[in-house]
Amino acid sequence: MIEKTAIEYKQVIATCQELFAKKTKDYGTAWRVLRLPSITDQIFIKAQRIRSIQEKGMQKIEDPIKDEFIGIINYCIIAMIQLELKADEKLEMTYEELKPYYDKAVNETFALLQNKNHDYAEAWRDMRVTSITDIILMKLLRVKQIEDNQGKTLVSEGIKANYQDMINYAVFCLIKMTV
C-alpha cells in the first residue's frame with residue numbers, strides 16, 4: 001500500500017508543480033514580496049473556503065475544492081522556498097531558478113510522509129476529507145501562533161514542519177477525492 005501512496009503522491013505533486021510552473025510564467029514571482037505571515041494567511045483563506053463549502057454543502061464560485069487543495073500545497077511550498085531565500089534580495093526569479101527549491105521542499109516533505117506513513121500505517125486513508133481539512137486549519141492556527149511568537153517555540157515543531165504536514169494532508173485529500 002505504501003508503494004501505491006508514493007505513486008499517487010507523485011502524481012498529485014506533478015499536477016501542483018505544473019500549475020506552479022505555468023503561474024510563474026504568467027505572473028513571475030510577485031509572491032516573493034510576501035512575508036511568511038501573509039503566505040500563511042493565503043493558505044488560511046483557501047482552507048477556510050474549503051471548510052465553508054463542506055459545511056454549507058454548496059458553493060457559489062465555480063472554482064473546485066481540489067484547486068484550493070492544490071493552492072494549499074503550492075503556497076506551503078512557496079513558504080518553504082521563502083524560508084530558504086530569506087537572505088536573498090532577488091525578487092524576480094525564473095521557474096528554472098525556482099525548480100531546485102521546489103524539488104527540495106517536495107523531496108523533504110515526501111521523506112517525512114514516508115516515515116509518518118510507516119509509523120501510522122496509512123491511517124489517513126480511513127479519515128474523512130472534512131477531518132483532514134480541520135487538521136489543516138488547526139496547523140494554520142499553530143503556525144500563526146508561532147509567527148506571533150517570532151518563531152520561538154518551547155517544545156513544538158517549527159513552522160516548516162507544520163507547512164510540511166499541511167502539504168501532506170492536502171495531498172491526502174486530493175488522493176481521496178480522486179479515488
# chains A, B, ... in the order shown; residues from 1 in each chain; ligands from 1
call {"tool": "select_by_dssp", "arguments": {"residues": "segment 3-116 of chain A", "states": "alpha helix (DSSP H)", "output": "PyMOL selection string"}}
result
chain A and resi 3-27+36-56+65-85+95-116
call {"tool": "closest_atom_pairs", "arguments": {"of": "segment 99-166 of chain A", "to": "segment 41-44 of chain A", "cutoff": "10 Å", "atoms": "only C-alpha atoms", "output": "JSON lines"}}
result
{"residue": "A:Ile136", "atom": "CA", "partner": "A:Phe44", "partner_atom": "CA", "distance": 8.7}
{"residue": "A:Leu137", "atom": "CA", "partner": "A:Phe44", "partner_atom": "CA", "distance": 6.9}
{"residue": "A:Met138", "atom": "CA", "partner": "A:Phe44", "partner_atom": "CA", "distance": 9.9}
{"residue": "A:Lys139", "atom": "CA", "partner": "A:Phe44", "partner_atom": "CA", "distance": 9.7}
{"residue": "A:Leu140", "atom": "CA", "partner": "A:Phe44", "partner_atom": "CA", "distance": 6.4}
{"residue": "A:Leu141", "atom": "CA", "partner": "A:Phe44", "partner_atom": "CA", "distance": 8.5}
{"residue": "A:Val143", "atom": "CA", "partner": "A:Asp41", "partner_atom": "CA", "distance": 10.0}
{"residue": "A:Lys144", "atom": "CA", "partner": "A:Asp41", "partner_atom": "CA", "distance": 8.4}
{"residue": "A:Tyr163", "atom": "CA", "partner": "A:Ile43", "partner_atom": "CA", "distance": 9.8}
{"residue": "A:Met166", "atom": "CA", "partner": "A:Ile43", "partner_atom": "CA", "distance": 9.5}
call {"tool": "write_last_selection", "arguments": {"atoms": "N, CA and C atoms", "output": "CSV table (one decimal), in the first residue's frame"}}
result
chain,number,residue,atom,x,y,z
A,136,ILE,N,-5.8,20.7,8.8
A,136,ILE,CA,-5.0,21.7,8.1
A,136,ILE,C,-5.3,23.1,8.8
A,137,LEU,N,-6.6,23.4,9.1
A,137,LEU,CA,-6.9,24.7,9.7
A,137,LEU,C,-6.2,24.7,11.1
A,138,MET,N,-6.2,23.6,11.9
A,138,MET,CA,-5.5,23.6,13.2
A,138,MET,C,-4.0,23.9,13.0
A,139,LYS,N,-3.4,23.3,12.0
A,139,LYS,CA,-2.0,23.5,11.7
A,139,LYS,C,-1.8,25.0,11.4
A,140,LEU,N,-2.7,25.6,10.6
A,140,LEU,CA,-2.6,27.0,10.3
A,140,LEU,C,-2.6,27.9,11.5
A,141,LEU,N,-3.5,27.6,12.4
A,141,LEU,CA,-3.6,28.4,13.7
A,141,LEU,C,-2.3,28.2,14.5
A,143,VAL,N,0.7,27.7,13.2
A,143,VAL,CA,1.7,28.5,12.5
A,143,VAL,C,1.5,30.0,12.8
A,144,LYS,N,0.3,30.4,12.8
A,144,LYS,CA,0.0,31.8,13.2
A,144,LYS,C,0.5,32.1,14.6
A,163,TYR,N,4.2,23.4,7.8
A,163,TYR,CA,3.9,23.6,6.4
A,163,TYR,C,4.0,22.2,5.7
A,166,MET,N,0.9,20.2,6.4
A,166,MET,CA,-0.2,20.7,5.6
A,166,MET,C,-0.1,20.3,4.1
call {"tool": "atom_distance", "arguments": {"atom1": "atom CA of Leu113 of chain A", "atom2": "atom CA of Asn74 of chain A"}}
result
16.6 Å
call {"tool": "closest_residue", "arguments": {"among": "A:Glu97, A:Pro64, A:Val33, A:Ala79", "to": "Ala21 of chain A", "atoms": "only C-alpha atoms"}}
result
A:Glu97
call {"tool": "closest_atom_pairs", "arguments": {"of": "segment 38-135 of chain A", "to": "segment 158-162 of chain A", "cutoff": "9 Å", "atoms": "only C-alpha atoms", "output": "Markdown table"}}
result
| residue | atom | partner | partner_atom | distance |
| --- | --- | --- | --- | --- |
| A:Cys76 | CA | A:Lys160 | CA | 8.8 |
| A:Ala79 | CA | A:Lys160 | CA | 8.2 |
| A:Met80 | CA | A:Lys160 | CA | 6.5 |
| A:Leu83 | CA | A:Lys160 | CA | 8.2 |
| A:Thr109 | CA | A:Ala161 | CA | 8.6 |
call {"tool": "write_last_selection", "arguments": {"atoms": "N, CA and C atoms", "output": "PDB file, in the first residue's frame"}}
result
ATOM      1  N   CYS A  76       2.258  26.405   0.550  1.00  0.00           N
ATOM      2  CA  CYS A  76       3.158  25.854   1.573  1.00  0.00           C
ATOM      3  C   CYS A  76       4.572  25.706   1.006  1.00  0.00           C
ATOM      4  N   ALA A  79       6.114  29.061   0.855  1.00  0.00           N
ATOM      5  CA  ALA A  79       6.579  29.455   2.193  1.00  0.00           C
ATOM      6  C   ALA A  79       7.925  28.805   2.496  1.00  0.00           C
ATOM      7  N   MET A  80       8.061  27.529   2.155  1.00  0.00           N
ATOM      8  CA  MET A  80       9.326  26.839   2.405  1.00  0.00           C
ATOM      9  C   MET A  80      10.447  27.432   1.545  1.00  0.00           C
ATOM     10  N   LEU A  83      11.533  30.607   3.167  1.00  0.00           N
ATOM     11  CA  LEU A  83      12.420  30.315   4.298  1.00  0.00           C
ATOM     12  C   LEU A  83      13.863  30.103   3.822  1.00  0.00           C
ATOM     13  N   THR A 109       9.557  16.873   2.156  1.00  0.00           N
ATOM     14  CA  THR A 109       8.200  16.636   2.645  1.00  0.00           C
ATOM     15  C   THR A 109       7.765  15.202   2.350  1.00  0.00           C
TER      16      THR A 109
END
call {"tool": "decode", "arguments": {"residues": "segment 25-146 of chain A", "atoms": "C-alpha atoms", "output": "compact mmCIF listing (two decimals), in the first residue's frame"}}
result
# COMPACT_ATOMS: atom_id res chain seq x y z
CA LYS A 25 5.50 32.13 -16.30
CA ASP A 26 2.24 34.14 -16.16
CA TYR A 27 2.86 36.19 -13.01
CA GLY A 28 6.57 35.92 -12.34
CA THR A 29 7.49 35.70 -8.67
CA ALA A 30 5.37 38.54 -7.32
CA TRP A 31 4.82 36.31 -4.25
CA ARG A 32 8.44 36.97 -3.25
CA VAL A 33 7.28 40.27 -1.67
CA LEU A 34 5.07 38.35 0.77
CA ARG A 35 6.22 37.87 4.33
CA LEU A 36 5.60 34.43 5.86
CA PRO A 37 2.51 35.55 7.82
CA SER A 38 0.97 36.79 4.55
CA ILE A 39 1.60 33.42 2.92
CA THR A 40 0.10 31.70 5.97
CA ASP A 41 -2.99 33.89 5.59
CA GLN A 42 -3.26 32.94 1.89
CA ILE A 43 -3.25 29.27 2.91
CA PHE A 44 -5.80 30.05 5.64
CA ILE A 45 -8.14 31.66 3.09
CA LYS A 46 -8.02 28.52 0.92
CA ALA A 47 -8.58 26.14 3.85
CA GLN A 48 -11.40 28.29 5.23
CA ARG A 49 -13.13 28.30 1.82
CA ILE A 50 -12.92 24.51 1.67
CA ARG A 51 -14.42 24.18 5.16
CA SER A 52 -17.15 26.70 4.40
CA ILE A 53 -18.19 24.78 1.27
CA GLN A 54 -18.04 21.48 3.16
CA GLU A 55 -20.31 22.86 5.88
CA LYS A 56 -22.77 24.59 3.54
CA GLY A 57 -22.88 21.72 1.07
CA MET A 58 -22.82 24.14 -1.85
CA GLN A 59 -20.68 26.79 -3.43
CA LYS A 60 -21.41 29.96 -5.40
CA ILE A 61 -18.00 30.35 -7.06
CA GLU A 62 -17.24 27.61 -9.55
CA ASP A 63 -13.57 27.04 -8.62
CA PRO A 64 -13.46 23.42 -7.46
CA ILE A 65 -12.31 22.46 -3.97
CA LYS A 66 -9.49 20.39 -5.46
CA ASP A 67 -7.97 23.60 -6.82
CA GLU A 68 -7.92 25.01 -3.28
CA PHE A 69 -6.01 21.96 -2.03
CA ILE A 70 -3.53 22.43 -4.89
CA GLY A 71 -3.23 26.06 -3.80
CA ILE A 72 -2.55 25.00 -0.21
CA ILE A 73 0.24 22.71 -1.42
CA ASN A 74 1.83 25.34 -3.64
CA TYR A 75 1.57 28.12 -1.05
CA CYS A 76 3.16 25.85 1.57
CA ILE A 77 5.98 25.15 -0.87
CA ILE A 78 6.26 28.89 -1.56
CA ALA A 79 6.58 29.46 2.19
CA MET A 80 9.33 26.84 2.40
CA ILE A 81 11.10 28.49 -0.53
CA GLN A 82 10.83 31.86 1.20
CA LEU A 83 12.42 30.32 4.30
CA GLU A 84 15.34 29.21 2.11
CA LEU A 85 15.65 32.53 0.27
CA LYS A 86 15.05 34.93 3.16
CA ALA A 87 18.51 36.49 2.87
CA ASP A 88 18.28 36.72 -0.92
CA GLU A 89 17.27 40.17 -2.13
CA LYS A 90 16.35 38.95 -5.61
CA LEU A 91 12.59 39.21 -6.06
CA GLU A 92 12.16 38.16 -9.68
CA MET A 93 13.23 34.61 -10.42
CA THR A 94 12.61 32.26 -13.32
CA TYR A 95 10.91 28.92 -12.92
CA GLU A 96 14.23 27.28 -13.78
CA GLU A 97 15.85 29.09 -10.83
CA LEU A 98 13.00 28.10 -8.51
CA LYS A 99 12.68 24.46 -9.58
CA PRO A 100 15.55 23.18 -7.37
CA TYR A 101 13.96 24.89 -4.34
CA TYR A 102 10.53 23.46 -5.23
CA ASP A 103 12.04 19.99 -5.67
CA LYS A 104 13.93 20.22 -2.38
CA ALA A 105 10.76 21.18 -0.49
CA VAL A 106 8.84 18.32 -2.12
CA ASN A 107 11.59 15.75 -1.50
CA GLU A 108 11.97 16.68 2.17
CA THR A 109 8.20 16.64 2.64
CA PHE A 110 7.83 13.30 0.85
CA ALA A 111 10.55 11.77 3.08
CA LEU A 112 8.60 12.97 6.12
CA LEU A 113 5.43 11.44 4.68
CA GLN A 114 7.12 8.08 4.17
CA ASN A 115 8.33 7.99 7.77
CA LYS A 116 4.97 9.03 9.23
CA ASN A 117 3.06 6.77 6.87
CA HIS A 118 5.15 3.84 8.07
CA ASP A 119 4.52 4.61 11.74
CA TYR A 120 0.83 5.46 11.37
CA ALA A 121 0.06 2.63 8.93
CA GLU A 122 -1.66 4.94 6.45
CA ALA A 123 -4.36 5.91 8.93
CA TRP A 124 -5.20 8.88 6.68
CA ARG A 125 -6.89 6.51 4.22
CA ASP A 126 -9.64 5.94 6.82
CA MET A 127 -10.08 9.62 7.62
CA ARG A 128 -12.72 11.92 6.20
CA VAL A 129 -11.69 14.80 3.92
CA THR A 130 -13.61 17.10 6.28
CA SER A 131 -11.49 15.95 9.23
CA ILE A 132 -8.29 16.44 7.28
CA THR A 133 -9.48 19.95 6.37
CA ASP A 134 -9.96 20.68 10.07
CA ILE A 135 -6.44 19.43 10.80
CA ILE A 136 -5.04 21.73 8.12
CA LEU A 137 -6.88 24.65 9.74
CA MET A 138 -5.51 23.64 13.16
CA LYS A 139 -1.98 23.53 11.72
CA LEU A 140 -2.55 27.01 10.28
CA LEU A 141 -3.61 28.36 13.66
CA ARG A 142 -0.47 26.81 15.16
CA VAL A 143 1.69 28.48 12.51
CA LYS A 144 0.00 31.82 13.17
CA GLN A 145 0.76 31.45 16.88
CA ILE A 146 4.39 30.56 16.18
